[in-house]
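Next up, target-v7.cif (mmCIF, C-alpha atoms):
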```cif
data_data
loop_
_atom_site.label_atom_id
_atom_site.label_comp_id
_atom_site.auth_asym_id
_atom_site.auth_seq_id
_atom_site.Cartn_x
_atom_site.Cartn_y
_atom_site.Cartn_z
CA MET A 1461 20.72 -26.62 147.69
CA HIS A 1462 23.00 -29.55 148.57
CA GLU A 1463 20.13 -31.82 147.49
CA MET A 1464 21.52 -31.40 143.96
CA ALA A 1465 24.81 -32.98 145.06
CA LEU A 1466 22.92 -35.76 146.83
CA ALA A 1467 20.75 -36.40 143.75
CA GLU A 1468 23.91 -36.66 141.65
CA ALA A 1469 25.32 -39.16 144.15
CA VAL A 1470 22.11 -41.22 143.94
CA VAL A 1471 22.29 -41.25 140.14
CA ARG A 1472 25.93 -42.32 140.26
CA ILE A 1473 25.11 -45.19 142.63
CA VAL A 1474 22.10 -46.50 140.69
CA THR A 1475 23.81 -46.09 137.32
CA ASP A 1476 26.82 -48.12 138.50
CA LYS A 1477 24.58 -50.85 139.94
CA ALA A 1478 22.39 -50.96 136.82
CA ARG A 1479 25.45 -51.25 134.62
CA SER A 1480 26.97 -54.08 136.64
CA ALA A 1481 23.59 -55.85 136.67
CA GLY A 1482 23.30 -55.50 132.90
CA ALA A 1483 20.12 -53.44 133.19
CA GLU A 1484 19.50 -50.74 130.62
CA ARG A 1485 16.77 -48.75 132.24
CA ILE A 1486 15.91 -47.79 135.78
CA VAL A 1487 12.19 -47.59 136.42
CA ARG A 1488 12.06 -46.75 140.09
CA VAL A 1489 14.52 -45.83 142.83
CA ARG A 1490 13.71 -46.17 146.51
CA LEU A 1491 15.54 -44.14 149.16
CA GLU A 1492 15.39 -44.16 152.92
CA ILE A 1493 15.73 -40.69 154.39
CA GLY A 1494 15.66 -40.28 158.14
CA ALA A 1495 13.52 -37.55 159.66
CA LEU A 1496 16.69 -35.94 161.07
CA ALA A 1497 18.81 -36.24 157.91
CA HIS A 1498 20.05 -33.00 156.36
CA VAL A 1499 17.66 -33.28 153.46
CA GLU A 1500 14.44 -31.75 152.27
CA PRO A 1501 12.67 -34.62 150.43
CA ALA A 1502 10.78 -32.30 148.06
CA ALA A 1503 14.02 -30.58 147.06
CA LEU A 1504 15.70 -33.95 146.59
CA SER A 1505 12.87 -35.16 144.32
CA PHE A 1506 13.10 -31.95 142.31
CA ALA A 1507 16.87 -32.29 141.99
CA PHE A 1508 16.57 -35.97 141.01
CA GLU A 1509 14.24 -35.02 138.16
CA ALA A 1510 16.72 -32.36 137.08
CA VAL A 1511 19.86 -34.54 137.05
CA THR A 1512 18.52 -37.84 135.62
CA PRO A 1513 17.99 -36.91 131.94
CA GLY A 1514 20.65 -38.56 129.81
CA SER A 1515 21.31 -41.25 132.44
CA PRO A 1516 19.78 -44.75 132.72
CA ALA A 1517 17.60 -43.28 135.49
CA ALA A 1518 15.90 -40.82 133.10
CA GLY A 1519 12.20 -40.83 133.87
CA ALA A 1520 12.61 -43.12 136.89
CA ALA A 1521 10.18 -42.65 139.74
CA LEU A 1522 11.75 -41.65 143.05
CA GLU A 1523 10.21 -43.10 146.21
CA ILE A 1524 11.30 -41.78 149.57
CA ASP A 1525 10.65 -43.82 152.72
CA ARG A 1526 10.95 -41.76 155.88
CA ALA A 1527 12.65 -43.31 158.89
CA PRO A 1528 11.64 -41.81 162.24
CA GLY A 1529 14.07 -39.92 164.45
CA ARG A 1530 14.72 -41.51 167.84
CA ALA A 1531 16.37 -39.87 170.81
CA ARG A 1532 17.04 -40.49 174.47
CA CYS A 1533 16.15 -37.85 177.03
CA ASP A 1534 18.91 -36.84 179.44
CA THR A 1535 16.34 -35.78 182.02
CA CYS A 1536 13.82 -38.65 182.19
CA ALA A 1537 15.79 -41.36 180.32
CA SER A 1538 12.84 -42.07 177.98
CA THR A 1539 13.48 -43.10 174.40
CA VAL A 1540 11.25 -40.88 172.29
CA GLU A 1541 10.39 -40.31 168.66
CA ILE A 1542 11.21 -36.86 167.29
CA ASP A 1543 10.87 -35.33 163.85
CA ARG A 1544 13.29 -32.43 164.31
CA LEU A 1545 16.24 -31.34 166.40
CA GLY A 1546 16.05 -28.81 169.19
CA GLU A 1547 12.64 -29.77 170.53
CA ALA A 1548 11.85 -30.48 174.17
CA CYS A 1549 11.27 -34.07 175.35
CA PRO A 1550 7.64 -35.00 174.58
CA VAL A 1551 7.48 -37.05 177.81
CA CYS A 1552 8.92 -34.71 180.47
CA GLY A 1553 9.41 -31.42 178.64
CA GLY A 1554 13.14 -31.44 179.42
CA VAL A 1555 15.77 -30.33 176.95
CA GLY A 1556 18.89 -32.27 176.06
CA LEU A 1557 17.72 -35.04 173.75
CA ARG A 1558 20.52 -37.26 172.44
CA VAL A 1559 19.83 -38.54 168.96
CA LEU A 1560 19.95 -42.33 168.58
CA SER A 1561 18.84 -42.71 164.96
CA GLY A 1562 17.03 -40.92 162.18
CA ASP A 1563 19.83 -39.52 160.04
CA GLU A 1564 19.67 -42.31 157.45
CA LEU A 1565 20.46 -41.31 153.90
CA ARG A 1566 20.42 -44.51 151.86
CA VAL A 1567 19.56 -45.93 148.48
CA LYS A 1568 17.52 -49.03 149.42
CA ASP A 1569 16.77 -50.63 146.08
CA MET A 1570 15.69 -49.98 142.53
CA GLU A 1571 13.46 -51.51 139.91
CA VAL A 1572 15.11 -52.00 136.53
CA GLY A 1573 13.72 -53.01 133.18
CA MET B 1308 -1.49 -51.08 133.34
CA CYS B 1309 1.43 -52.04 131.19
CA THR B 1310 4.11 -53.49 133.41
CA THR B 1311 6.96 -52.87 131.01
CA CYS B 1312 6.95 -49.11 130.95
CA GLY B 1313 4.70 -48.19 133.83
CA CYS B 1314 2.19 -46.30 131.72
CA GLY B 1315 -1.54 -46.69 132.29
CA GLN B 1316 -4.43 -45.02 134.02
CA ALA B 1317 -2.22 -43.70 136.73
CA GLU B 1318 -0.58 -41.52 134.11
CA VAL B 1319 -3.78 -39.69 133.26
CA VAL B 1320 -3.74 -37.46 136.30
CA ILE B 1321 -0.32 -36.58 137.52
CA ASP B 1322 0.14 -33.67 139.85
CA HIS B 1323 3.80 -32.89 139.77
CA GLY B 1324 3.34 -29.32 140.70
CA HIS B 1325 3.95 -27.41 137.49
CA GLY B 1326 1.65 -26.02 134.87
CA HIS B 1327 0.98 -27.58 131.51
CA ASP B 1328 1.14 -24.58 129.26
CA HIS B 1329 4.24 -26.15 127.77
CA GLY B 1330 3.98 -29.33 125.79
CA HIS B 1331 5.98 -32.10 127.30
CA HIS B 1332 5.65 -35.83 127.07
CA HIS B 1333 4.59 -38.20 129.83
CA GLY B 1334 4.57 -41.30 127.67
CA PRO B 1335 6.53 -44.51 127.81
CA LEU B 1336 10.30 -44.45 127.87
CA GLY B 1337 11.00 -46.37 124.76
CA GLY B 1338 9.90 -49.67 126.24
CA THR B 1339 7.74 -52.07 124.30
CA HIS B 1340 4.19 -52.54 125.52
CA GLU B 1341 3.72 -56.09 126.66
CA ALA B 1342 0.60 -56.12 128.82
CA GLY B 1343 0.79 -58.54 131.70
CA VAL B 1344 4.43 -59.46 131.20
CA SER B 1345 6.63 -58.26 134.00
CA ALA B 1346 10.01 -57.44 132.58
CA THR B 1347 11.25 -55.50 135.57
CA ARG B 1348 13.15 -56.72 138.57
CA ILE B 1349 14.24 -55.30 141.89
CA ILE B 1350 17.91 -54.83 142.68
CA GLU B 1351 18.87 -54.43 146.34
CA ILE B 1352 21.36 -51.63 146.93
CA GLU B 1353 21.42 -50.58 150.61
CA GLU B 1354 24.12 -48.01 150.10
CA ASN B 1355 24.68 -44.74 151.92
CA ILE B 1356 24.10 -41.86 149.50
CA LEU B 1357 27.17 -40.17 150.94
CA ALA B 1358 29.30 -43.33 150.73
CA ARG B 1359 31.65 -41.86 148.14
CA ASN B 1360 32.08 -38.60 150.05
CA ASP B 1361 32.61 -40.54 153.27
CA ALA B 1362 35.24 -42.77 151.63
CA VAL B 1363 37.22 -39.72 150.47
CA ALA B 1364 36.74 -38.11 153.90
CA ALA B 1365 38.21 -41.27 155.49
CA HIS B 1366 41.16 -40.99 153.10
CA ASN B 1367 41.66 -37.33 154.08
CA ARG B 1368 41.42 -38.30 157.76
CA ALA B 1369 44.09 -41.00 157.30
CA HIS B 1370 46.33 -38.38 155.65
CA PHE B 1371 45.79 -36.02 158.61
CA THR B 1372 46.65 -38.79 161.05
CA ALA B 1373 49.79 -39.72 159.11
CA THR B 1374 51.00 -36.11 159.03
CA GLY B 1375 49.98 -35.35 162.63
CA THR B 1376 47.57 -32.68 161.37
CA LEU B 1377 44.65 -31.35 163.38
CA ALA B 1378 41.99 -30.43 160.79
CA LEU B 1379 39.11 -28.17 161.82
CA ASN B 1380 36.10 -27.45 159.61
CA LEU B 1381 34.91 -23.88 160.24
CA VAL B 1382 31.29 -23.26 159.35
CA SER B 1383 29.00 -20.24 159.67
CA SER B 1384 26.69 -17.88 157.84
CA PRO B 1385 28.34 -15.35 155.54
CA GLY B 1386 29.52 -12.34 157.52
CA SER B 1387 30.15 -13.99 160.89
CA GLY B 1388 33.79 -12.93 160.77
CA LYS B 1389 35.31 -16.33 159.95
CA THR B 1390 38.09 -14.97 157.77
CA THR B 1391 38.98 -12.19 160.23
CA LEU B 1392 39.04 -14.79 163.00
CA LEU B 1393 41.24 -17.07 160.91
CA ALA B 1394 43.69 -14.33 159.93
CA ARG B 1395 44.05 -13.33 163.59
CA THR B 1396 44.33 -16.97 164.68
CA ALA B 1397 46.98 -17.74 162.04
CA THR B 1398 49.02 -14.73 163.18
CA ASP B 1399 48.69 -15.46 166.90
CA LEU B 1400 49.45 -19.18 166.58
CA SER B 1401 52.38 -18.81 164.20
CA ASP B 1402 54.96 -19.09 166.98
CA ARG B 1403 53.17 -22.02 168.67
CA MET B 1404 52.45 -24.40 165.76
CA PRO B 1405 52.46 -24.60 161.97
CA VAL B 1406 49.17 -23.29 160.56
CA ALA B 1407 47.64 -23.98 157.16
CA VAL B 1408 44.32 -22.90 155.71
CA ILE B 1409 42.00 -24.15 153.00
CA GLU B 1410 39.57 -21.42 151.98
CA GLY B 1411 36.23 -22.29 150.41
CA ASP B 1412 34.21 -19.67 148.56
CA GLN B 1413 32.04 -19.67 145.47
CA GLN B 1414 34.35 -17.21 143.74
CA THR B 1415 37.59 -15.23 144.16
CA SER B 1416 40.82 -15.98 146.02
CA LEU B 1417 40.54 -12.90 148.24
CA ASP B 1418 40.32 -14.92 151.44
CA ALA B 1419 43.37 -17.08 150.68
CA GLU B 1420 45.31 -13.90 149.93
CA ARG B 1421 44.26 -12.44 153.30
CA ILE B 1422 45.51 -15.57 155.04
CA ARG B 1423 48.77 -15.71 153.06
CA ALA B 1424 49.43 -12.12 154.13
CA THR B 1425 49.76 -13.49 157.70
CA GLY B 1426 52.53 -15.84 156.57
CA ALA B 1427 50.43 -19.01 156.81
CA ARG B 1428 50.08 -21.45 153.93
CA ALA B 1429 46.71 -21.18 152.24
CA VAL B 1430 44.94 -22.63 149.23
CA GLN B 1431 41.65 -21.45 147.81
CA ILE B 1432 38.85 -23.70 146.61
CA ASN B 1433 36.24 -22.05 144.42
CA THR B 1434 33.03 -24.07 144.42
CA GLY B 1435 31.48 -22.12 141.54
CA LYS B 1436 27.76 -22.56 142.10
CA GLY B 1437 28.35 -25.09 144.87
CA CYS B 1438 26.94 -24.32 148.31
CA HIS B 1439 29.35 -26.43 150.41
CA LEU B 1440 32.76 -28.07 150.39
CA ASP B 1441 32.87 -31.83 149.93
CA ALA B 1442 35.60 -34.30 150.80
CA ASP B 1443 36.84 -34.56 147.22
CA MET B 1444 37.39 -30.79 146.92
CA VAL B 1445 39.44 -30.88 150.11
CA HIS B 1446 41.34 -33.92 148.84
CA ARG B 1447 42.29 -32.06 145.67
CA ALA B 1448 43.25 -28.98 147.69
CA LEU B 1449 45.50 -31.13 149.89
CA HIS B 1450 47.51 -32.06 146.82
CA GLY B 1451 48.37 -28.38 146.48
CA LEU B 1452 49.23 -27.86 150.14
CA VAL B 1453 52.38 -29.10 151.83
CA LEU B 1454 51.52 -29.66 155.48
CA ALA B 1455 54.32 -29.21 158.00
CA PRO B 1456 54.32 -32.04 160.57
CA GLY B 1457 51.99 -31.32 163.47
CA ALA B 1458 50.18 -28.50 161.68
CA THR B 1459 46.73 -27.23 162.47
CA LEU B 1460 44.69 -27.02 159.27
CA PHE B 1461 41.69 -24.72 159.25
CA ILE B 1462 39.20 -25.46 156.50
CA GLU B 1463 36.96 -22.43 156.04
CA ASN B 1464 33.76 -23.76 154.54
CA VAL B 1465 31.44 -21.82 152.23
CA GLY B 1466 29.41 -19.30 154.25
CA ASN B 1467 26.19 -21.27 154.67
CA LEU B 1468 24.57 -22.60 157.84
CA VAL B 1469 22.69 -25.38 156.07
CA CYS B 1470 24.46 -27.43 153.43
CA PRO B 1471 27.98 -27.88 154.91
CA ALA B 1472 26.47 -29.68 157.93
CA GLY B 1473 25.95 -32.88 155.96
CA PHE B 1474 29.38 -33.31 154.41
CA ASP B 1475 32.26 -34.89 156.27
CA LEU B 1476 35.57 -33.51 155.00
CA GLY B 1477 37.77 -35.72 157.18
CA GLU B 1478 38.09 -33.08 159.91
CA ALA B 1479 38.62 -33.79 163.60
CA ALA B 1480 35.82 -31.39 164.52
CA LYS B 1481 33.43 -28.84 163.11
CA VAL B 1482 33.54 -25.40 164.70
CA VAL B 1483 30.49 -23.21 164.16
CA ILE B 1484 30.88 -19.45 164.36
CA LEU B 1485 27.96 -17.21 165.18
CA SER B 1486 28.33 -13.46 165.56
CA VAL B 1487 26.38 -11.28 167.96
CA THR B 1488 24.99 -9.25 165.07
CA GLU B 1489 22.96 -12.32 164.13
CA GLY B 1490 19.96 -13.69 166.02
CA GLU B 1491 20.65 -15.70 169.17
CA ASP B 1492 18.01 -18.17 167.99
CA LYS B 1493 20.10 -19.42 165.05
CA PRO B 1494 20.98 -22.68 166.86
CA ILE B 1495 17.33 -23.71 166.89
CA LYS B 1496 16.60 -22.26 163.44
CA TYR B 1497 19.50 -24.15 161.84
CA PRO B 1498 19.86 -27.07 164.22
CA ASP B 1499 21.75 -29.46 161.93
CA MET B 1500 24.89 -27.33 161.95
CA PHE B 1501 24.88 -26.84 165.71
CA ALA B 1502 24.18 -30.54 166.24
CA ALA B 1503 27.18 -31.41 164.06
CA ALA B 1504 29.61 -28.96 165.70
CA ARG B 1505 31.85 -29.68 168.67
CA LEU B 1506 32.45 -26.01 169.46
CA MET B 1507 30.46 -22.80 168.98
CA LEU B 1508 32.39 -19.53 168.85
CA ILE B 1509 30.25 -16.48 169.58
CA ASN B 1510 32.19 -13.81 167.69
CA LYS B 1511 32.16 -9.99 167.60
CA ALA B 1512 31.78 -9.88 171.41
CA ASP B 1513 33.12 -6.29 171.25
CA LEU B 1514 29.72 -5.31 169.82
CA LEU B 1515 27.70 -6.79 172.71
CA PRO B 1516 27.12 -3.39 174.38
CA TYR B 1517 25.43 -2.15 171.20
CA VAL B 1518 23.24 -5.08 170.12
CA PRO B 1519 20.37 -6.91 171.83
CA PHE B 1520 22.06 -10.32 171.55
CA ASP B 1521 21.35 -12.55 174.57
CA VAL B 1522 24.46 -14.72 175.06
CA ALA B 1523 22.95 -16.95 177.77
CA GLN B 1524 19.86 -17.62 175.65
CA CYS B 1525 22.03 -18.41 172.63
CA ILE B 1526 24.02 -20.95 174.63
CA ALA B 1527 20.79 -22.48 176.02
CA TYR B 1528 19.46 -22.86 172.46
CA ALA B 1529 22.70 -24.46 171.28
CA ARG B 1530 22.69 -26.95 174.18
CA GLN B 1531 19.05 -27.74 173.43
CA VAL B 1532 20.19 -28.98 170.02
CA ASN B 1533 23.54 -30.37 171.15
CA PRO B 1534 23.98 -30.91 174.90
CA GLN B 1535 27.73 -31.54 174.49
CA ILE B 1536 28.65 -28.47 172.42
CA GLY B 1537 31.48 -26.34 173.80
CA VAL B 1538 31.01 -22.55 173.76
CA LEU B 1539 33.50 -19.69 173.74
CA THR B 1540 32.73 -15.98 173.41
CA VAL B 1541 35.40 -14.11 171.45
CA SER B 1542 36.19 -11.00 169.47
CA ALA B 1543 38.49 -11.52 166.49
CA LEU B 1544 38.83 -7.74 166.32
CA THR B 1545 39.96 -6.97 169.89
CA GLY B 1546 41.36 -10.41 170.74
CA GLU B 1547 38.97 -10.86 173.68
CA GLY B 1548 38.50 -14.53 174.54
CA LEU B 1549 40.89 -15.77 171.85
CA GLU B 1550 43.28 -17.35 174.34
CA GLY B 1551 40.46 -19.76 175.26
CA TRP B 1552 40.07 -20.64 171.59
CA TYR B 1553 43.82 -21.31 171.29
CA ARG B 1554 43.77 -23.46 174.43
CA TRP B 1555 40.87 -25.43 172.95
CA ILE B 1556 42.93 -26.03 169.79
CA GLU B 1557 45.96 -27.08 171.85
CA ALA B 1558 43.84 -29.49 173.92
CA LEU B 1559 42.51 -31.06 170.73
CA ARG B 1560 46.03 -31.36 169.33
CA ALA B 1561 47.10 -33.11 172.52
CA GLU B 1562 44.09 -35.41 172.25
CA ARG B 1563 45.00 -36.25 168.65
CA ALA B 1564 48.64 -36.83 169.55
CA ALA B 1565 47.57 -39.20 172.34
CA LEU B 1566 45.34 -41.09 169.91
CA ALA B 1567 48.12 -41.33 167.34
CA GLY B 1568 50.79 -42.20 169.88
#
```

Now that the file is in, can you turn its structure into structure tokens?
Amino acid sequence: MHEMALAEAVVRIVTDKARSAGAERIVRVRLEIGALAHVEPAALSFAFEAVTPGSPAAGAALEIDRAPGRARCDTCASTVEIDRLGEACPVCGGVGLRVLSGDELRVKDMEVG
Amino acid sequence: MCTTCGCGQAEVVIDHGHGHDHGHHHGPLGGTHEAGVSATRIIEIEENILARNDAVAAHNRAHFTATGTLALNLVSSPGSGKTTLLARTATDLSDRMPVAVIEGDQQTSLDAERIRATGARAVQINTGKGCHLDADMVHRALHGLVLAPGATLFIENVGNLVCPAGFDLGEAAKVVILSVTEGEDKPIKYPDMFAAARLMLINKADLLPYVPFDVAQCIAYARQVNPQIGVLTVSALTGEGLEGWYRWIEALRAERAALAG
């Protein structure tokens, strides 16, 4: 359940930013989580709800944008979209996909009041 | 809908997946209701959630470079034989290079004691309820560990094939250990760890005659997730294949020395 540690990191980031911006209350937090990132979004949302009370992010809505996973096939050289690791190439069926992107784990922005 | 606190019709039906037999409050968060007046603003952040961990990991990495240390992050399920492998490795390598160990477990210092019994330096991190080591835990452990120049530092992560995959500790490489008493399909069941690792050690090879573990299939699965992963089959109990593991460590040390030099 490392999502708890990640949720704590998110709260630390948004709390610091809110403080330096002079904002008292965080209404909404938007994350970008790649399809191949080591995160289960539902678990992260649950953890966020659990760790925010008592912080400026208490009650804030958490929005998670998913970024697609992209990989290049060693066999047919296609660039393909994937949503998990270990799958065969959707174009040629070959194995050996090299991940190009999709492991994003970022706080994009937040709405403060 | 009131723009100040976000309350309104949308609040009437909220499915957040738990029952309502307990009375809790979905109302405004202490904001004043000023219909039509937008008092909120958007603040751009664009920051990696793991930025703080990664910054400490970079600090650890700089320390390893400065001290000529090769740091390896050993990850596996509980019961793969990591500690037995480490105790054997520490003993066998003691006349070739300085060896130090950071042991990560939820509780007890039993593993660090096992390593110290071999003569190697070892510190124990107890994560409590934590499911993985992070860079800061390793940083604090390093303050309690004097590294001899040119040492190889083995960081034994918490036994868990999921969570430790996402946390950089500052290591040169992750080494994943899988034993033949587990399923050969673990690389595709827990792909993140095998994708993150540079080497897979298939341990407990002495048991291969007695278990239905398919080594070739296991390697094929691992390469499906990570085409570049190195693979060695070993037995920490009998010593089979361990020389290959030691040569791999020595090659990595040479690589690090070349980078530093």

Taking all atoms listed in the file into account, find every residue of chain B that has an atom no more than 7 Å from chain A, and write it out as a VMD selection string. chain B and resid 1346 to 1356 1438 1470 1473 1495 1498 to 1499 1530 to 1532 1534

Shell of 6 Å around Gly1435 (chain B), all atoms listed in the file, local chain residues under 2 positions omitted, as a PyMOL selection string: chain B and resi 1413+1433+1437

Which residues, named as in the file, does the PyMOL selection byres ((chain B and resi 1387-1403) around 6) pick out? Answer as a PDB file with C-alpha atoms, in the frame of the given file.
```
ATOM      1  CA  PRO B1385      28.340 -15.350 155.540  1.00  0.00           C
ATOM      2  CA  GLY B1386      29.520 -12.340 157.520  1.00  0.00           C
ATOM      3  CA  MET B1404      52.450 -24.400 165.760  1.00  0.00           C
ATOM      4  CA  ILE B1422      45.510 -15.570 155.040  1.00  0.00           C
ATOM      5  CA  THR B1425      49.760 -13.490 157.700  1.00  0.00           C
ATOM      6  CA  LEU B1485      27.960 -17.210 165.180  1.00  0.00           C
ATOM      7  CA  SER B1486      28.330 -13.460 165.560  1.00  0.00           C
ATOM      8  CA  ALA B1543      38.490 -11.520 166.490  1.00  0.00           C
TER       9      ALA B1543
END
```

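Considering all atoms listed in the file, the residue among B:Ser1542, B:Thr1459, B:Asn1533, B:Ser1383 positioned nearest to Ile1409 (chain B) is B:Thr1459.
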
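Near region 1478-1481 of chain B, within a cut-off of 7 Å and counting all atoms listed in the file, sit the residues Arg1368, Leu1377, Ala1378, Leu1379, Asn1380, Leu1381, Ala1503, Ala1504 and Arg1505 of chain B, with same-chain residues fewer than 4 positions away left out.
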
Which residue, B:Leu1539, B:Leu1454, B:Ala1442, B:Leu1515, has the smallest gap to Leu1357 (chain B) when you use all atoms listed in the file? B:Ala1442

Work out how far apart CA of Val1430 (chain B) and CA of Tyr1497 (chain B) are and give it in Å to one decimal.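 For CA of Val1430 (chain B) relative to CA of Tyr1497 (chain B), the distance reads 28.4 Å.
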
Contacts of Ala1448 (chain B) at 12 Å (all atoms listed in the file; same-chain gap of 6+ positions) as JSON, numbers by chain: {"B": [1367, 1407, 1408, 1409, 1410, 1411, 1428, 1429, 1430, 1431, 1432, 1433, 1434, 1440, 1441, 1442, 1454, 1460, 1462, 1476]}

With distances taken over only C-alpha atoms, which of B:Gly1466, B:Met1500, B:Pro1456, B:Glu1489 is nearest to Phe1520 (chain B)? B:Glu1489

Select all residues near (34.8, -21.2, 169.0) (cut-off 7 Å, inclusive, file coordinates), counting all atoms listed in the file, and output them as number ranges by chain. B: 1482-1484, 1506-1509, 1538-1539, 1552

Counting only C-alpha atoms, which of A:Ala1495, A:Val1551, A:Ala1502, A:Ala1507 gets nearest to Thr1535 (chain A)? A:Val1551
